[in-house]
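What follows is a set of notes on a single structure, which appears directly below.
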Amino acid sequence: MKKIIAFGASIGKASINKQLASYVGGLMEGVDYEVLDLNDFPLPIFSVDLEAEMGGQPANAHSFFKKLQEADGIVISLAEHNGAYSAGFKNLMDWVSRIKGEFFEGKPVFLMATAPGPRGGKSVLNIAENRFPFHAADITGTFSMPMFYDNFVEGDIVNEDLKMELNRYLDFFQAAVETEAQLV
C-alpha cells in the first residue's frame, strides 16, 4: 500500500490548512494516509551559528525528514502569513534543507492552500510552486480554496466547483504516486 504523508504548513493548533490536509485523506483510496502536526517537531530558530554549536541538525529535523523519506507522496496545505510561508514551516524547511537540499527526493507533491479571504493563499502557493522544485519536489498540481469558512462547512467542501477541482488534482497526484512507485 502506498504511503502518503500530509500536513498543514502551520503550527496553529486550529489550523484551517491542517483541516484541509486531513480532509484530503478521506478522499484518497487505497493508500496509507498520515497527517503530521508540525507541533510534534518543535525546533529552535535556524541559524548557521546554532547549527555549528549543536554539531548539526536537531533530532526533530531528522525525524521530519525521515517521514518525508518514508512517503511515496506528499500533500501540503500551506498557511499564508503576510503573503509567504508561516514562520514555523519556514523554520522547519530551513533545518531539513541542511540535512539534504533536495529533501523532497523527486516525490510527487500536491500543493494546496486555504485562507479565510478571497485569494485562498495564492501568494504562498506561487512561492512554493517556484521554490519547491529546487528541493526536488515533483509538483503534480496546486489547489487554492478561498473563503475557507464559507466553502468548508461541517468537515466538507460545500462548493461543488471547488470539490470537483480538488478531485481532479487528486487524481493527477494519485496517478503520479502510482507511476513513481513503479519506477522504484
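In the C-alpha cells, chains take the letters A, B, ... in the order shown, each chain's residues start at 1, and ligands count up from 1 in the order shown.
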Could you pull out the strand (DSSP E) residues of chain A from DSSP and send them as JSON, numbers by chain? {"A": [2, 3, 4, 5, 6, 7, 8, 9, 31, 32, 33, 34, 35, 36, 73, 74, 75, 76, 77, 78, 108, 109, 110, 111, 112, 113, 114, 138, 139, 140, 141, 142, 143, 144, 145, 152, 153, 156, 157]}
Give me the residues within 10 Å of Ala136 (chain A) as a PDB file with N, CA and C atoms, in the first residue's frame, counting only C-alpha atoms and dropping any in the same chain fewer than 4 places off.
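File written: around_6.pdb
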ATOM      1  N   GLY A 101      19.546  19.081   0.720  1.00  0.00           N
ATOM      2  CA  GLY A 101      18.968  20.196  -0.032  1.00  0.00           C
ATOM      3  C   GLY A 101      17.765  19.783  -0.865  1.00  0.00           C
ATOM      4  N   GLU A 102      17.823  18.603  -1.454  1.00  0.00           N
ATOM      5  CA  GLU A 102      16.726  18.098  -2.284  1.00  0.00           C
ATOM      6  C   GLU A 102      15.862  17.150  -1.450  1.00  0.00           C
ATOM      7  N   PHE A 103      15.324  17.685  -0.354  1.00  0.00           N
ATOM      8  CA  PHE A 103      14.661  16.852   0.646  1.00  0.00           C
ATOM      9  C   PHE A 103      13.357  16.215   0.186  1.00  0.00           C
ATOM     10  N   PHE A 104      12.748  16.674  -0.901  1.00  0.00           N
ATOM     11  CA  PHE A 104      11.549  16.003  -1.427  1.00  0.00           C
ATOM     12  C   PHE A 104      11.914  14.779  -2.275  1.00  0.00           C
ATOM     13  N   GLU A 105      13.167  14.671  -2.660  1.00  0.00           N
ATOM     14  CA  GLU A 105      13.712  13.485  -3.330  1.00  0.00           C
ATOM     15  C   GLU A 105      12.951  13.048  -4.577  1.00  0.00           C
ATOM     16  N   GLY A 106      12.415  13.994  -5.336  1.00  0.00           N
ATOM     17  CA  GLY A 106      11.723  13.667  -6.580  1.00  0.00           C
ATOM     18  C   GLY A 106      10.335  13.094  -6.410  1.00  0.00           C
ATOM     19  N   LYS A 107       9.822  13.121  -5.199  1.00  0.00           N
ATOM     20  CA  LYS A 107       8.500  12.529  -4.929  1.00  0.00           C
ATOM     21  C   LYS A 107       7.369  13.449  -5.405  1.00  0.00           C
ATOM     22  N   PRO A 108       6.229  12.842  -5.759  1.00  0.00           N
ATOM     23  CA  PRO A 108       5.061  13.644  -6.109  1.00  0.00           C
ATOM     24  C   PRO A 108       4.613  14.479  -4.898  1.00  0.00           C
ATOM     25  N   VAL A 109       4.364  15.751  -5.162  1.00  0.00           N
ATOM     26  CA  VAL A 109       3.913  16.677  -4.122  1.00  0.00           C
ATOM     27  C   VAL A 109       2.682  17.405  -4.649  1.00  0.00           C
ATOM     28  N   ARG A 131       9.615  27.538  -5.732  1.00  0.00           N
ATOM     29  CA  ARG A 131      10.754  27.167  -4.885  1.00  0.00           C
ATOM     30  C   ARG A 131      10.939  25.654  -4.718  1.00  0.00           C
ATOM     31  N   PHE A 132       9.855  24.922  -4.522  1.00  0.00           N
ATOM     32  CA  PHE A 132       9.958  23.506  -4.166  1.00  0.00           C
ATOM     33  C   PHE A 132      10.673  22.638  -5.208  1.00  0.00           C
TER      34      PHE A 132
END
Going by DSSP on the backbone, which bits of region 1-110 of chain A are alpha helix (DSSP H)? Write them as an MDAnalysis selection string, please. chainID A and resid 16:27 48:54 59:70 87:99
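Of the residues under consideration (A:Lys122, A:Lys2, A:His135, A:Lys66), A:Lys122 shows the shortest atom-to-atom contact distance to Asn82 (chain A) when counting only C-alpha atoms.
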Which residues of region 70-162 of chain A have any atom within 6 Å of an atom in region 5-15 of chain A when counting only C-alpha atoms, and what is the closest pair of atoms for each, with the distance in Å to one decimal? Order the rows by chain and rising number and write it as CSV.
residue,atom,partner,partner_atom,distance
A:Ile74,CA,A:Ile5,CA,5.1
A:Val75,CA,A:Ala6,CA,4.4
A:Ile76,CA,A:Phe7,CA,5.3
A:Ser77,CA,A:Gly8,CA,4.7
A:Leu78,CA,A:Ala9,CA,4.8
A:Ala79,CA,A:Ala9,CA,5.6
A:Ser86,CA,A:Ser10,CA,5.9
A:Gly88,CA,A:Ile11,CA,6.0
A:Phe89,CA,A:Ala9,CA,5.4
Contact table region 68-172 of chain A vs region 30-52 of chain A, cut-off 7 Å, shortest pair per residue, only C-alpha atoms, as a Markdown table:
| residue | atom | partner | partner_atom | distance |
| --- | --- | --- | --- | --- |
| A:Asn91 | CA | A:Phe46 | CA | 6.1 |
| A:Asp94 | CA | A:Phe46 | CA | 6.6 |
| A:Trp95 | CA | A:Phe46 | CA | 6.4 |
Print the selection's residues with N, CA, C and O atoms to a file, as a PDB file, in the first residue's frame.
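again35.pdb written:
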ATOM      1  N   ASN A  91      10.921  27.693   9.158  1.00  0.00           N
ATOM      2  CA  ASN A  91      11.989  27.259  10.042  1.00  0.00           C
ATOM      3  C   ASN A  91      12.261  25.761   9.876  1.00  0.00           C
ATOM      4  O   ASN A  91      13.416  25.334   9.770  1.00  0.00           O
ATOM      5  N   ASP A  94      14.033  25.225   6.657  1.00  0.00           N
ATOM      6  CA  ASP A  94      15.440  25.621   6.750  1.00  0.00           C
ATOM      7  C   ASP A  94      16.281  24.523   7.385  1.00  0.00           C
ATOM      8  O   ASP A  94      17.363  24.189   6.894  1.00  0.00           O
ATOM      9  N   TRP A  95      15.801  23.936   8.474  1.00  0.00           N
ATOM     10  CA  TRP A  95      16.546  22.870   9.142  1.00  0.00           C
ATOM     11  C   TRP A  95      16.656  21.620   8.262  1.00  0.00           C
ATOM     12  O   TRP A  95      17.729  21.044   8.105  1.00  0.00           O
TER      13      TRP A  95
END
Any idea what's packed within 8 Å of Ile139 (chain A), counting only C-alpha atoms, ignoring anything in its chain fewer than 2 positions away? Could you give it as number ranges by chain? A: 108-111, 129, 132-133, 137, 141-142
Export of prior selection with C-alpha atoms as an mmCIF file, in the first residue's frame:
data_model
loop_
_atom_site.group_PDB
_atom_site.id
_atom_site.type_symbol
_atom_site.label_atom_id
_atom_site.label_comp_id
_atom_site.auth_asym_id
_atom_site.auth_seq_id
_atom_site.Cartn_x
_atom_site.Cartn_y
_atom_site.Cartn_z
ATOM 1 C CA PRO A 108 5.061 13.644 -6.109
ATOM 2 C CA VAL A 109 3.913 16.677 -4.122
ATOM 3 C CA PHE A 110 0.382 18.072 -4.192
ATOM 4 C CA LEU A 111 0.290 21.686 -3.004
ATOM 5 C CA GLU A 129 5.433 26.264 -6.785
ATOM 6 C CA PHE A 132 9.958 23.506 -4.166
ATOM 7 C CA PRO A 133 11.363 22.120 -7.440
ATOM 8 C CA ALA A 137 9.563 18.257 -5.497
ATOM 9 C CA GLY A 141 -0.808 20.302 -9.065
ATOM 10 C CA THR A 142 -1.869 23.221 -6.922
#
Pick from A:Asp156, A:Leu92, A:Val124, A:Met28, whichever lies nearest to Ala175 (chain A) using only C-alpha atoms: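 Closest candidate: A:Met28.
Of the listed residues (A:Ala115, A:Gln57, A:Gln69, A:Glu29), A:Ala115 comes nearest to Phe152 (chain A); the distances count only C-alpha atoms.
Of note, CA of Gly120 (chain A) and CA of Thr140 (chain A) are spaced 18.7 Å apart.
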Which is closest to Val177 (chain A) among A:Ala61, A:Val24, A:Val96, A:Ala71, if we use only C-alpha atoms?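 Of A:Ala61, A:Val24, A:Val96, A:Ala71, the one nearest Val177 (chain A) is A:Ala71, counting only C-alpha atoms.
Considering the residues A:Asn159, A:Asn126, A:Ser63, A:Asn167 and counting only C-alpha atoms, Gly83 (chain A) has its shortest atom-to-atom contact with A:Asn126.
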